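> So here's protein36.csv (CSV, C-alpha atoms and all ligand atoms).
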chain,number,residue,atom,x,y,z
A,162,MET,CA,75.2,55.8,107.0
A,163,LYS,CA,77.0,58.6,108.7
A,164,GLN,CA,78.6,58.0,112.1
A,165,LYS,CA,77.4,60.2,115.0
A,166,ILE,CA,79.6,62.5,117.0
A,167,LEU,CA,78.2,64.2,120.1
A,168,ILE,CA,80.1,67.3,121.4
A,169,LEU,CA,79.2,68.2,124.9
A,170,MET,CA,79.7,71.9,125.7
A,171,SER,CA,78.1,74.7,127.7
A,172,ASP,CA,77.6,78.4,127.3
A,173,THR,CA,79.5,79.4,130.5
A,174,GLY,CA,81.4,82.1,128.7
A,175,GLY,CA,81.9,81.9,124.9
A,176,GLY,CA,85.0,79.7,124.6
A,177,HIS,CA,83.5,76.2,125.0
A,178,ARG,CA,80.9,76.8,122.3
A,179,SER,CA,83.5,78.4,120.0
A,180,ALA,CA,85.8,75.3,120.5
A,181,ALA,CA,82.9,72.9,119.8
A,182,GLU,CA,81.9,74.8,116.7
A,183,ALA,CA,85.5,74.9,115.5
A,184,ILE,CA,85.6,71.1,115.7
A,185,GLN,CA,82.2,70.7,114.0
A,186,ALA,CA,83.3,73.0,111.1
A,187,ALA,CA,86.6,71.1,110.8
A,188,PHE,CA,84.7,67.8,110.4
A,189,ALA,CA,82.4,69.3,107.9
A,190,HIS,CA,85.4,70.6,105.9
A,191,ASP,CA,87.5,67.4,106.0
A,192,PHE,CA,84.9,64.6,106.3
A,193,PRO,CA,81.7,66.1,104.9
A,194,ASP,CA,80.1,62.7,104.1
A,195,ARG,CA,81.3,60.6,107.0
A,196,TYR,CA,80.1,62.2,110.2
A,197,ASP,CA,77.0,63.8,111.7
A,198,VAL,CA,78.3,66.2,114.4
A,199,THR,CA,75.9,67.5,117.0
A,200,LEU,CA,76.5,70.0,119.8
A,201,LYS,CA,74.6,69.8,123.1
A,202,ASP,CA,74.7,72.0,126.1
A,203,GLY,CA,75.3,69.4,128.8
A,204,ILE,CA,74.4,71.9,131.6
A,205,ALA,CA,71.5,73.9,130.3
A,206,ASP,CA,69.9,70.9,128.7
A,207,ALA,CA,70.8,68.2,131.3
A,208,ALA,CA,71.2,69.7,134.8
A,209,ILE,CA,68.3,70.0,137.2
A,210,PHE,CA,66.9,73.4,138.2
A,211,PRO,CA,68.5,75.8,139.2
A,212,PHE,CA,71.9,74.4,138.0
A,213,ASN,CA,70.7,74.4,134.4
A,214,HIS,CA,70.9,78.2,134.6
A,215,ALA,CA,74.6,78.2,135.5
A,216,ALA,CA,75.5,80.1,132.3
A,217,ASP,CA,73.4,83.0,133.6
A,218,TRP,CA,75.4,83.1,136.8
A,219,TYR,CA,78.7,83.1,135.1
A,220,LEU,CA,78.8,86.8,134.2
A,221,PRO,CA,77.6,88.2,137.6
A,222,ILE,CA,79.8,85.9,139.6
A,223,THR,CA,83.0,86.4,137.5
A,224,THR,CA,82.3,90.2,137.3
A,225,TYR,CA,81.1,91.1,140.8
A,226,ALA,CA,82.7,88.3,142.9
A,227,GLU,CA,85.9,87.7,141.0
A,228,GLY,CA,87.7,86.8,144.3
A,229,GLY,CA,84.9,84.4,145.1
A,230,TRP,CA,85.3,82.8,141.7
A,231,GLY,CA,89.0,82.4,142.3
A,232,ALA,CA,88.3,80.8,145.8
A,233,LEU,CA,85.7,78.4,144.2
A,234,PHE,CA,88.2,77.4,141.5
A,235,LYS,CA,90.9,76.8,144.1
A,236,ALA,CA,88.7,74.9,146.6
A,237,SER,CA,87.1,72.6,144.0
A,238,ASN,CA,90.6,72.0,142.5
A,239,HIS,CA,91.8,70.6,145.9
A,240,PRO,CA,92.3,66.8,145.7
A,241,ARG,CA,90.1,66.3,148.8
A,242,ILE,CA,87.3,68.5,147.6
A,243,ALA,CA,87.2,67.6,143.9
A,244,PRO,CA,85.5,64.2,144.6
A,245,SER,CA,82.6,66.1,146.4
A,246,ALA,CA,82.3,68.4,143.4
A,247,LEU,CA,81.9,65.3,141.2
A,248,ARG,CA,79.3,63.8,143.6
A,249,LEU,CA,77.3,67.0,143.4
A,250,LEU,CA,77.6,67.0,139.6
A,251,ASP,CA,76.4,63.4,139.5
A,252,LEU,CA,73.3,64.3,141.5
A,253,VAL,CA,72.6,67.4,139.4
A,254,ALA,CA,73.3,66.3,135.9
A,255,SER,CA,73.5,62.5,135.5
A,256,ARG,CA,69.9,61.8,134.8
A,257,GLY,CA,69.7,64.6,132.2
A,258,LEU,CA,72.9,63.5,130.6
A,259,ASP,CA,71.6,60.0,130.4
A,260,ARG,CA,68.6,61.2,128.4
A,261,LEU,CA,70.7,63.5,126.3
A,262,ILE,CA,73.3,60.8,125.4
A,263,ARG,CA,70.6,58.1,124.8
A,264,ASP,CA,68.8,60.4,122.3
A,265,ALA,CA,72.0,61.2,120.5
A,266,ALA,CA,73.2,57.5,120.3
A,267,PRO,CA,76.7,58.6,119.5
A,268,ASP,CA,79.6,56.7,118.0
A,269,LEU,CA,82.0,59.1,119.7
A,270,VAL,CA,81.5,61.6,122.5
A,271,VAL,CA,83.8,64.7,122.7
A,272,SER,CA,83.6,66.9,125.8
A,273,VAL,CA,84.9,70.5,125.7
A,274,HIS,CA,83.8,71.4,129.2
A,275,PRO,CA,85.5,70.5,132.5
A,276,LEU,CA,82.1,69.8,134.2
A,277,LEU,CA,81.1,67.3,131.4
A,278,THR,CA,84.0,64.8,131.6
A,279,THR,CA,83.9,62.1,134.3
A,280,ILE,CA,80.2,62.2,134.9
A,281,ALA,CA,79.3,62.1,131.2
A,282,ARG,CA,81.8,59.3,130.6
A,283,ARG,CA,80.3,57.2,133.4
A,284,VAL,CA,76.8,57.8,132.1
A,285,LEU,CA,77.9,56.6,128.6
A,286,ARG,CA,79.5,53.5,130.0
A,287,ALA,CA,76.5,52.8,132.3
A,288,GLN,CA,74.4,52.6,129.1
A,289,GLY,CA,76.7,49.9,127.8
A,290,SER,CA,78.1,52.0,125.1
A,291,ARG,CA,81.7,51.4,124.0
A,292,ALA,CA,81.8,54.7,122.0
A,293,PRO,CA,85.2,56.4,122.6
A,294,PHE,CA,85.0,59.3,125.1
A,295,VAL,CA,87.5,62.1,124.3
A,296,VAL,CA,88.2,65.3,126.2
A,297,VAL,CA,89.4,68.4,124.4
A,298,VAL,CA,90.7,70.8,127.0
A,299,THR,CA,90.1,74.5,126.2
A,300,ASP,CA,92.1,76.1,129.0
A,301,LEU,CA,95.6,77.0,127.8
A,302,PHE,CA,97.6,76.3,131.0
A,303,ASP,CA,95.8,76.5,134.4
A,304,ALA,CA,93.3,73.8,133.6
A,305,HIS,CA,91.1,72.6,136.5
A,306,ARG,CA,91.5,69.1,137.9
A,307,LEU,CA,88.0,68.1,136.8
A,308,TRP,CA,89.1,68.3,133.1
A,309,PHE,CA,91.2,65.2,133.6
A,310,ASP,CA,89.3,62.0,133.8
A,311,PRO,CA,91.9,59.1,133.9
A,312,ASP,CA,89.3,56.8,132.4
A,313,ALA,CA,88.6,58.9,129.3
A,314,ASP,CA,89.9,57.3,126.2
A,315,LEU,CA,91.9,60.3,125.1
A,316,CYS,CA,92.7,63.8,126.3
A,317,LEU,CA,93.7,66.5,123.8
A,318,VAL,CA,95.4,69.5,125.4
A,319,PRO,CA,96.3,72.9,123.8
A,320,THR,CA,99.8,73.4,125.1
A,321,ASP,CA,102.8,71.6,126.8
A,322,GLY,CA,101.9,73.5,130.0
A,323,ALA,CA,98.4,72.0,130.0
A,324,ARG,CA,100.0,68.6,129.3
A,325,ASP,CA,102.1,69.0,132.5
A,326,ARG,CA,98.9,69.8,134.4
A,327,ALA,CA,97.2,66.7,133.0
A,328,LEU,CA,100.1,64.5,134.1
A,329,LYS,CA,100.1,66.0,137.5
A,330,TYR,CA,96.4,65.3,137.9
A,331,GLY,CA,96.7,61.7,137.0
A,332,MET,CA,96.2,61.4,133.2
A,333,ALA,CA,98.3,58.6,131.7
A,334,GLU,CA,100.9,59.8,129.3
A,335,ASN,CA,99.7,57.5,126.5
A,336,LYS,CA,96.2,59.1,126.6
A,337,LEU,CA,97.6,62.6,126.2
A,338,GLN,CA,98.3,64.6,123.1
A,339,VAL,CA,99.1,68.2,122.5
A,340,ALA,CA,96.9,69.4,119.7
A,341,GLY,CA,96.5,73.1,120.1
A,342,LEU,CA,93.3,75.0,120.9
A,343,PRO,CA,90.6,74.5,118.3
A,344,VAL,CA,90.1,77.8,116.5
A,345,HIS,CA,87.4,78.1,113.8
A,346,LEU,CA,88.4,77.7,110.1
A,347,LYS,CA,87.0,81.2,109.5
A,348,PHE,CA,90.1,82.5,111.2
A,349,LEU,CA,92.2,80.7,108.5
A,350,ALA,CA,90.4,81.8,105.3
A,351,ASN,CA,90.0,84.9,103.3
A,352,ILE,CA,93.1,87.0,103.7
A,353,GLN,CA,92.2,90.4,102.2
A,354,ARG,CA,93.4,93.9,102.8
A,355,LYS,CA,92.6,95.4,106.2
A,356,THR,CA,91.1,98.5,104.5
A,357,ARG,CA,88.7,96.4,102.5
A,358,THR,CA,87.5,94.5,105.6
A,359,ARG,CA,87.0,97.9,107.4
A,360,GLU,CA,84.9,99.1,104.5
A,361,GLN,CA,82.7,96.0,104.7
A,362,LEU,CA,82.2,96.6,108.4
A,363,GLU,CA,81.3,100.2,107.8
A,364,LEU,CA,84.4,101.5,109.5
A,365,ASP,CA,86.7,104.2,108.3
A,366,PRO,CA,89.1,102.3,106.1
A,367,GLN,CA,92.1,104.6,106.8
A,368,ARG,CA,91.8,104.9,110.6
A,369,ALA,CA,93.7,102.8,113.0
A,370,THR,CA,91.3,100.4,114.8
A,371,ILE,CA,91.2,99.2,118.4
A,372,LEU,CA,89.0,96.2,119.2
A,373,LEU,CA,87.7,96.0,122.7
A,374,VAL,CA,86.2,92.6,123.8
A,375,GLY,CA,85.3,90.9,127.1
A,376,GLY,CA,84.6,87.3,126.1
A,377,GLY,CA,81.2,86.0,125.1
A,378,GLU,CA,79.6,87.7,128.1
A,379,GLY,CA,81.1,91.2,127.7
A,380,MET,CA,83.0,90.8,131.0
A,381,GLY,CA,85.4,93.1,132.8
A,382,GLN,CA,85.6,96.8,132.9
A,383,LEU,CA,84.7,97.3,129.2
A,384,TYR,CA,82.8,100.6,129.9
A,385,ASN,CA,85.6,102.2,131.9
A,386,ILE,CA,88.3,101.1,129.4
A,387,ALA,CA,86.3,102.5,126.5
A,388,ARG,CA,85.8,105.8,128.3
A,389,ALA,CA,89.6,106.0,129.1
A,390,ILE,CA,90.4,105.4,125.4
A,391,ASP,CA,87.9,108.0,124.4
A,392,ARG,CA,89.3,110.6,126.9
A,393,ALA,CA,92.8,110.0,125.5
A,394,GLN,CA,91.4,111.0,122.1
A,395,LEU,CA,93.7,108.5,120.4
A,396,PRO,CA,94.0,108.9,116.6
A,397,ALA,CA,91.9,105.7,116.1
A,398,GLN,CA,88.4,104.3,115.9
A,399,LEU,CA,87.1,102.0,118.7
A,400,VAL,CA,85.1,98.9,118.1
A,401,ILE,CA,83.4,97.6,121.3
A,402,ILE,CA,81.9,94.1,121.4
A,403,ALA,CA,79.6,93.9,124.3
A,404,GLY,CA,78.8,90.2,123.7
A,405,ARG,CA,75.6,89.0,125.5
A,406,ASN,CA,75.9,91.9,128.0
A,407,LYS,CA,72.8,93.9,127.1
A,408,ALA,CA,73.1,96.4,130.0
A,409,LEU,CA,76.6,97.2,128.9
A,410,ARG,CA,75.6,97.7,125.3
A,411,GLU,CA,72.8,100.1,126.3
A,412,LYS,CA,75.1,102.1,128.6
A,413,LEU,CA,77.7,102.4,125.8
A,414,GLN,CA,75.1,103.5,123.3
A,415,ALA,CA,73.8,106.2,125.7
A,416,ALA,CA,77.3,107.7,126.1
A,417,ALA,CA,78.7,110.6,124.0
A,418,TRP,CA,82.1,109.9,122.3
A,419,HIS,CA,84.9,112.0,121.0
A,420,ILE,CA,86.4,109.4,118.7
A,421,PRO,CA,84.5,107.2,116.2
A,422,VAL,CA,83.0,104.3,118.1
A,423,ALA,CA,81.2,101.2,116.8
A,424,ILE,CA,79.2,99.3,119.4
A,425,GLN,CA,78.2,95.7,118.8
A,426,GLY,CA,76.3,93.1,120.7
A,427,PHE,CA,77.1,89.4,120.3
A,428,ILE,CA,78.6,89.1,116.9
A,429,THR,CA,79.2,85.9,114.9
A,430,ASN,CA,81.9,87.3,112.5
A,431,MET,CA,84.7,87.8,115.0
A,432,PRO,CA,87.4,87.0,112.3
A,433,ASP,CA,86.3,90.0,110.3
A,434,TRP,CA,86.4,92.4,113.3
A,435,MET,CA,89.8,91.0,114.3
A,436,ARG,CA,91.2,91.3,110.7
A,437,ALA,CA,89.9,94.9,110.6
A,438,SER,CA,91.8,95.9,113.7
A,439,ASP,CA,95.4,96.8,114.6
A,440,VAL,CA,95.2,95.8,118.3
A,441,ILE,CA,92.8,94.0,120.6
A,442,VAL,CA,92.0,94.8,124.3
A,443,THR,CA,90.5,91.8,126.0
A,444,LYS,CA,90.3,89.8,129.2
A,445,ALA,CA,92.6,86.7,129.1
A,446,GLY,CA,90.1,84.3,127.6
A,447,PRO,CA,91.8,81.4,125.8
A,448,GLY,CA,89.6,81.4,122.8
A,449,THR,CA,90.0,85.1,122.1
A,450,ILE,CA,93.8,85.0,122.7
A,451,MET,CA,94.3,82.2,120.2
A,452,GLU,CA,92.0,83.7,117.7
A,453,ALA,CA,93.8,87.1,117.9
A,454,ILE,CA,97.1,85.3,117.5
A,455,ALA,CA,95.8,83.5,114.5
A,456,CYS,CA,94.9,86.9,113.0
A,457,GLY,CA,98.4,88.4,113.9
A,458,LEU,CA,96.7,90.8,116.3
A,459,PRO,CA,98.7,92.3,119.1
A,460,ILE,CA,97.0,92.0,122.5
A,461,ILE,CA,96.5,94.2,125.6
A,462,LEU,CA,95.1,92.0,128.4
A,463,SER,CA,92.8,94.0,130.6
A,464,GLY,CA,92.4,91.3,133.2
A,465,PHE,CA,92.0,87.6,133.9
A,466,LEU,CA,89.9,85.3,135.8
A,467,PRO,CA,91.7,84.1,139.0
A,468,GLY,CA,92.7,80.5,138.7
A,469,GLN,CA,91.8,79.5,135.2
A,470,GLU,CA,93.3,82.4,133.2
A,471,GLU,CA,96.4,83.3,135.0
A,472,GLY,CA,98.7,81.2,132.9
A,473,ASN,CA,97.3,82.8,129.8
A,474,VAL,CA,98.8,86.1,130.8
A,475,THR,CA,102.2,84.6,131.1
A,476,PHE,CA,101.8,83.0,127.7
A,477,VAL,CA,100.9,86.3,126.0
A,478,GLU,CA,103.7,88.3,127.7
A,479,SER,CA,106.4,85.7,127.3
A,480,SER,CA,105.5,85.1,123.7
A,481,GLY,CA,106.0,88.9,123.0
A,482,VAL,CA,102.6,89.3,121.5
A,483,GLY,CA,101.1,91.6,124.1
A,484,VAL,CA,101.0,92.9,127.7
A,485,LEU,CA,98.8,93.0,130.7
A,486,ARG,CA,97.5,96.4,131.9
A,487,ARG,CA,94.6,96.3,134.3
A,488,LYS,CA,93.9,100.0,134.8
A,489,PRO,CA,91.9,101.8,132.0
A,490,GLU,CA,94.3,104.8,132.0
A,491,GLU,CA,97.3,102.5,131.6
A,492,ILE,CA,95.6,100.7,128.7
A,493,ALA,CA,95.0,104.1,127.0
A,494,ARG,CA,98.6,105.1,127.6
A,495,VAL,CA,100.0,101.9,126.0
A,496,LEU,CA,97.7,102.3,123.1
A,497,SER,CA,98.8,105.8,122.6
A,498,GLU,CA,102.5,104.7,122.6
A,499,TRP,CA,101.9,101.8,120.2
A,500,LEU,CA,99.8,103.9,117.8
A,501,ALA,CA,102.4,106.8,117.7
A,502,PRO,CA,103.8,107.4,114.2
A,503,GLY,CA,107.1,105.6,113.7
A,504,ASN,CA,106.6,103.1,116.5
A,505,ASP,CA,107.0,99.5,115.0
A,506,ALA,CA,105.9,97.7,118.2
A,507,LEU,CA,102.6,96.6,116.7
A,508,GLU,CA,104.2,95.3,113.6
A,509,LYS,CA,106.7,93.3,115.6
A,510,MET,CA,104.1,91.8,117.9
A,511,SER,CA,101.9,90.9,114.9
A,512,ALA,CA,104.8,89.0,113.3
A,513,ARG,CA,105.5,87.1,116.5
A,514,ALA,CA,101.8,86.3,116.9
A,515,ARG,CA,101.7,84.7,113.4
A,516,GLU,CA,104.7,82.6,114.4
A,517,ARG,CA,103.0,81.4,117.6
A,518,ALA,CA,99.7,80.7,116.0
A,519,ARG,CA,98.3,77.2,115.5
A,520,PRO,CA,95.3,78.1,113.3
A,521,ARG,CA,94.9,74.5,111.9
A,522,ALA,CA,94.4,73.0,115.4
A,523,ALA,CA,90.7,72.2,114.8
A,524,LEU,CA,91.6,70.3,111.5
A,525,GLU,CA,94.3,68.4,113.4
A,526,ILE,CA,91.8,67.5,116.1
A,527,ALA,CA,89.2,66.3,113.6
A,528,GLY,CA,92.0,64.2,112.0
A,529,ILE,CA,92.9,62.7,115.4
A,530,LEU,CA,89.2,62.0,116.2
A,531,ASN,CA,88.7,60.4,112.8
A,532,ALA,CA,91.6,58.0,113.5
A,533,VAL,CA,90.1,57.2,116.9
A,534,LEU,CA,86.8,56.3,115.3
A,535,ALA,CA,88.6,54.2,112.6
A,536,THR,CA,90.1,51.9,115.3
A,537,ALA,CA,87.3,52.1,117.8
A,538,PRO,CA,85.2,49.0,118.6
A,539,ASN,CA,81.6,49.2,117.4
A,540,PRO,CA,79.7,50.9,120.1
A,541,LYS,CA,76.7,48.9,121.2
A,542,ARG,CA,73.8,50.9,119.7
A,543,ILE,CA,72.0,52.0,122.8
A,544,ASN,CA,68.7,52.9,121.1
A,545,GLU,CA,68.3,49.5,119.6
B,601,LIG,N1,82.7,85.7,120.9
B,601,LIG,C1,81.8,85.8,119.8
B,601,LIG,N2,81.0,86.9,119.7
B,601,LIG,C2,81.0,87.9,120.6
B,601,LIG,C3,81.9,87.8,121.7
B,601,LIG,C4,82.8,86.7,121.8
B,601,LIG,O1,81.8,84.9,118.9
B,601,LIG,O2,80.2,88.8,120.5
B,601,LIG,C5,83.6,84.5,120.9
B,601,LIG,C6,85.1,84.8,120.8
B,601,LIG,O3,85.4,84.9,119.4
B,601,LIG,C7,85.6,83.6,121.5
B,601,LIG,C8,84.6,83.3,122.6
B,601,LIG,O4,83.4,84.0,122.2
B,601,LIG,O5,85.7,82.4,120.6
B,601,LIG,C9,85.1,83.8,123.9
B,601,LIG,O6,85.9,82.8,124.4
B,601,LIG,P1,87.1,83.1,125.5
B,601,LIG,O7,87.7,81.7,125.8
B,601,LIG,O8,88.0,84.1,125.1
B,601,LIG,O9,86.3,83.6,126.8
B,601,LIG,P2,85.0,83.1,127.6
B,601,LIG,O10,83.9,83.9,127.1
B,601,LIG,O11,84.9,81.6,127.4
B,601,LIG,O12,85.3,83.4,129.0
Since I need it in another form, could you write the structure as structure tokens?

Amino acid sequence: MKQKILILMSDTGGGHRSAAEAIQAAFAHDFPDRYDVTLKDGIADAAIFPFNHAADWYLPITTYAEGGWGALFKASNHPRIAPSALRLLDLVASRGLDRLIRDAAPDLVVSVHPLLTTIARRVLRAQGSRAPFVVVVTDLFDAHRLWFDPDADLCLVPTDGARDRALKYGMAENKLQVAGLPVHLKFLANIQRKTRTREQLELDPQRATILLVGGGEGMGQLYNIARAIDRAQLPAQLVIIAGRNKALREKLQAAAWHIPVAIQGFITNMPDWMRASDVIVTKAGPGTIMEAIACGLPIILSGFLPGQEEGNVTFVESSGVGVLRRKPEEIARVLSEWLAPGNDALEKMSARARERARPRAALEIAGILNAVLATAPNPKRINE
């Protein structure tokens, strides 16, 4: 009989689901007959009303109250306030998580969300289960304190910087491992010519291609950036991924454009769009950054969420794979420089990106989790 792995995630942004799916795909690839891996949204499916709608608040809060988001991040990260945040989470989500975990009867629980660590682990233990509880951190550097549950069995972090954070927030060294950010296997496979990928996506195969993304929610100033790129009339085509942001998509579709523009909603073939492109303009989401790096795609960061994404900017700039430019006109200016004939900046950044990439992280994580299960005590089957 297959062993059951439950991955707890939530659709606040796109990165947690992407990480969960990357781990699920890695298990299916390396251990097809051994495990049954299920993804559950531990907020939408477990929290009480109105907190179960938190994913719907994420875009408006982070877009229209960015400063407020930063303040919330900072306050809840304070050692004296974090315990109150946990108590609130306990009130809001414990009962639903209890039901969700009981139904799943997991042999291993993996959490890829900072709000689904301590409380979920306590619920699991309260049920008498000895199933290992592992946290896979999906923030590259400035990870929130709530990620780090000292009583989790193992905590996998994406970078040395996140490991330092974890130690500072009380994780024991022997429970920590740097494993990279899980990126989907789709970003590893199928290396074909860029022109061919463009053809498949119905783009002009010969034209330089700029990819504009704002995370899963189509966040940031995507509209203004697209307009500035269009005004500059760059010798390129522009692909805009509006994600789940329907209003943005409609506004983009209603506009008139001077350069070729392809407007997409939430797409499920990001590797293709990245491989078709010469450069990506994105907010500093960890998932998108690591996926772009895996594809050797130079990056212009158009912004970052205060608190959790600041270190990602330092990472991109200090690795020499991209730059931060917050003003739409400046983004257009940098693109114009990089796309000028004879400029080898894009080529150099692309080579550095490939060096920095860790595209096999999801497979490594599946291997680590497989080893955890191999040595784990038999969990008491809670449904029996
Ligand atoms: N994404 C996607 N389709 C879209 C837009 C985004 O699959 O239309 C994925 C993207 O590839 C990445 C994730 O959503 O894996 C966004 O994660 P990130 O950490 O960059 O930002 P978040 O949305 O979590 O703030």
> Please compute the CA of Asn504 in chain A-CA of Met431 in chain A distance, one decimal, in Å.
26.8 Å
> The residues within 9 Å of (81.8, 74.0, 137.2), using all atoms listed in the file and the coordinates of the file, should be reported as an MDAnalysis selection string; which are they?
chainID A and resid 173 215 234 237 246 250 274:277 307
> Leaving out range 472-482 of chain A and any residue of its chain fewer than 4 positions from it, which residues lie within 9 Å of it when counting all atoms listed in the file, given as a PDB file with C-alpha atoms, in the frame of the given file?

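The resulting file, around15.pdb, is reproduced below:
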ATOM      1  CA  ASP A 300      92.100  76.100 129.000  1.00  0.00           C
ATOM      2  CA  LEU A 301      95.600  77.000 127.800  1.00  0.00           C
ATOM      3  CA  PHE A 302      97.600  76.300 131.000  1.00  0.00           C
ATOM      4  CA  ASP A 303      95.800  76.500 134.400  1.00  0.00           C
ATOM      5  CA  GLY A 322     101.900  73.500 130.000  1.00  0.00           C
ATOM      6  CA  ALA A 445      92.600  86.700 129.100  1.00  0.00           C
ATOM      7  CA  GLY A 446      90.100  84.300 127.600  1.00  0.00           C
ATOM      8  CA  PRO A 447      91.800  81.400 125.800  1.00  0.00           C
ATOM      9  CA  ILE A 450      93.800  85.000 122.700  1.00  0.00           C
ATOM     10  CA  ILE A 454      97.100  85.300 117.500  1.00  0.00           C
ATOM     11  CA  GLY A 457      98.400  88.400 113.900  1.00  0.00           C
ATOM     12  CA  LEU A 458      96.700  90.800 116.300  1.00  0.00           C
ATOM     13  CA  PRO A 459      98.700  92.300 119.100  1.00  0.00           C
ATOM     14  CA  ILE A 460      97.000  92.000 122.500  1.00  0.00           C
ATOM     15  CA  ILE A 461      96.500  94.200 125.600  1.00  0.00           C
ATOM     16  CA  LEU A 462      95.100  92.000 128.400  1.00  0.00           C
ATOM     17  CA  GLY A 464      92.400  91.300 133.200  1.00  0.00           C
ATOM     18  CA  PHE A 465      92.000  87.600 133.900  1.00  0.00           C
ATOM     19  CA  GLY A 468      92.700  80.500 138.700  1.00  0.00           C
ATOM     20  CA  LEU A 507     102.600  96.600 116.700  1.00  0.00           C
ATOM     21  CA  LYS A 509     106.700  93.300 115.600  1.00  0.00           C
ATOM     22  CA  MET A 510     104.100  91.800 117.900  1.00  0.00           C
ATOM     23  CA  SER A 511     101.900  90.900 114.900  1.00  0.00           C
ATOM     24  CA  ALA A 512     104.800  89.000 113.300  1.00  0.00           C
ATOM     25  CA  ARG A 513     105.500  87.100 116.500  1.00  0.00           C
ATOM     26  CA  ALA A 514     101.800  86.300 116.900  1.00  0.00           C
ATOM     27  CA  ARG A 517     103.000  81.400 117.600  1.00  0.00           C
TER      28      ARG A 517
END
> Of the candidates A:Ser255, A:Gln367, A:Gln425, A:Asn385, which one gets nearest to ligand LIG 601 (chain B) if we count all atoms listed in the file?
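For ligand LIG 601 (chain B), the nearest of the given residues is A:Gln425.
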> Can you pull out every residue with an atom within 6 Å of ligand LIG 601 (chain B)? Use only C-alpha atoms and all ligand atoms and format it as a CSV table (one decimal) with C-alpha atoms, in the frame of the given file.

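And here is the file that came out, result30.csv:
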chain,number,residue,atom,x,y,z
A,174,GLY,CA,81.4,82.1,128.7
A,175,GLY,CA,81.9,81.9,124.9
A,176,GLY,CA,85.0,79.7,124.6
A,179,SER,CA,83.5,78.4,120.0
A,376,GLY,CA,84.6,87.3,126.1
A,377,GLY,CA,81.2,86.0,125.1
A,378,GLU,CA,79.6,87.7,128.1
A,402,ILE,CA,81.9,94.1,121.4
A,404,GLY,CA,78.8,90.2,123.7
A,426,GLY,CA,76.3,93.1,120.7
A,427,PHE,CA,77.1,89.4,120.3
A,428,ILE,CA,78.6,89.1,116.9
A,429,THR,CA,79.2,85.9,114.9
A,431,MET,CA,84.7,87.8,115.0
A,446,GLY,CA,90.1,84.3,127.6
A,447,PRO,CA,91.8,81.4,125.8
A,448,GLY,CA,89.6,81.4,122.8
A,449,THR,CA,90.0,85.1,122.1
> Between CA of Ala389 in chain A and CA of Pro502 in chain A, what is the distance in Å, rounded to a tenth?
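Computed distance, CA of Ala389 in chain A to CA of Pro502 in chain A, equals 20.6 Å.
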> Skipping near chain neighbours, those fewer than 3 positions away, what residues fall within 8 Å of Pro267 in chain A using only C-alpha atoms, listed as a PyMOL selection string?
chain A and resi 164-167+262+270+292
> The selected residues should be written to file as a PDB file, in the frame of the given file (atoms: C-alpha atoms).

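The result, stored in out-v4.pdb:
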ATOM      1  CA  GLN A 164      78.600  58.000 112.100  1.00  0.00           C
ATOM      2  CA  LYS A 165      77.400  60.200 115.000  1.00  0.00           C
ATOM      3  CA  ILE A 166      79.600  62.500 117.000  1.00  0.00           C
ATOM      4  CA  LEU A 167      78.200  64.200 120.100  1.00  0.00           C
ATOM      5  CA  ILE A 262      73.300  60.800 125.400  1.00  0.00           C
ATOM      6  CA  VAL A 270      81.500  61.600 122.500  1.00  0.00           C
ATOM      7  CA  ALA A 292      81.800  54.700 122.000  1.00  0.00           C
TER       8      ALA A 292
END
> Which residue is closest to Ala243 in chain A? Choose from A:Tyr384, A:Glu490, A:Phe309, A:His345 and count only C-alpha atoms.
A:Phe309
> Nearest to Gln469 in chain A among A:Arg368, A:Arg357, A:Arg410, A:His305, with distances taken over all atoms listed in the file: which residue is it?
A:His305
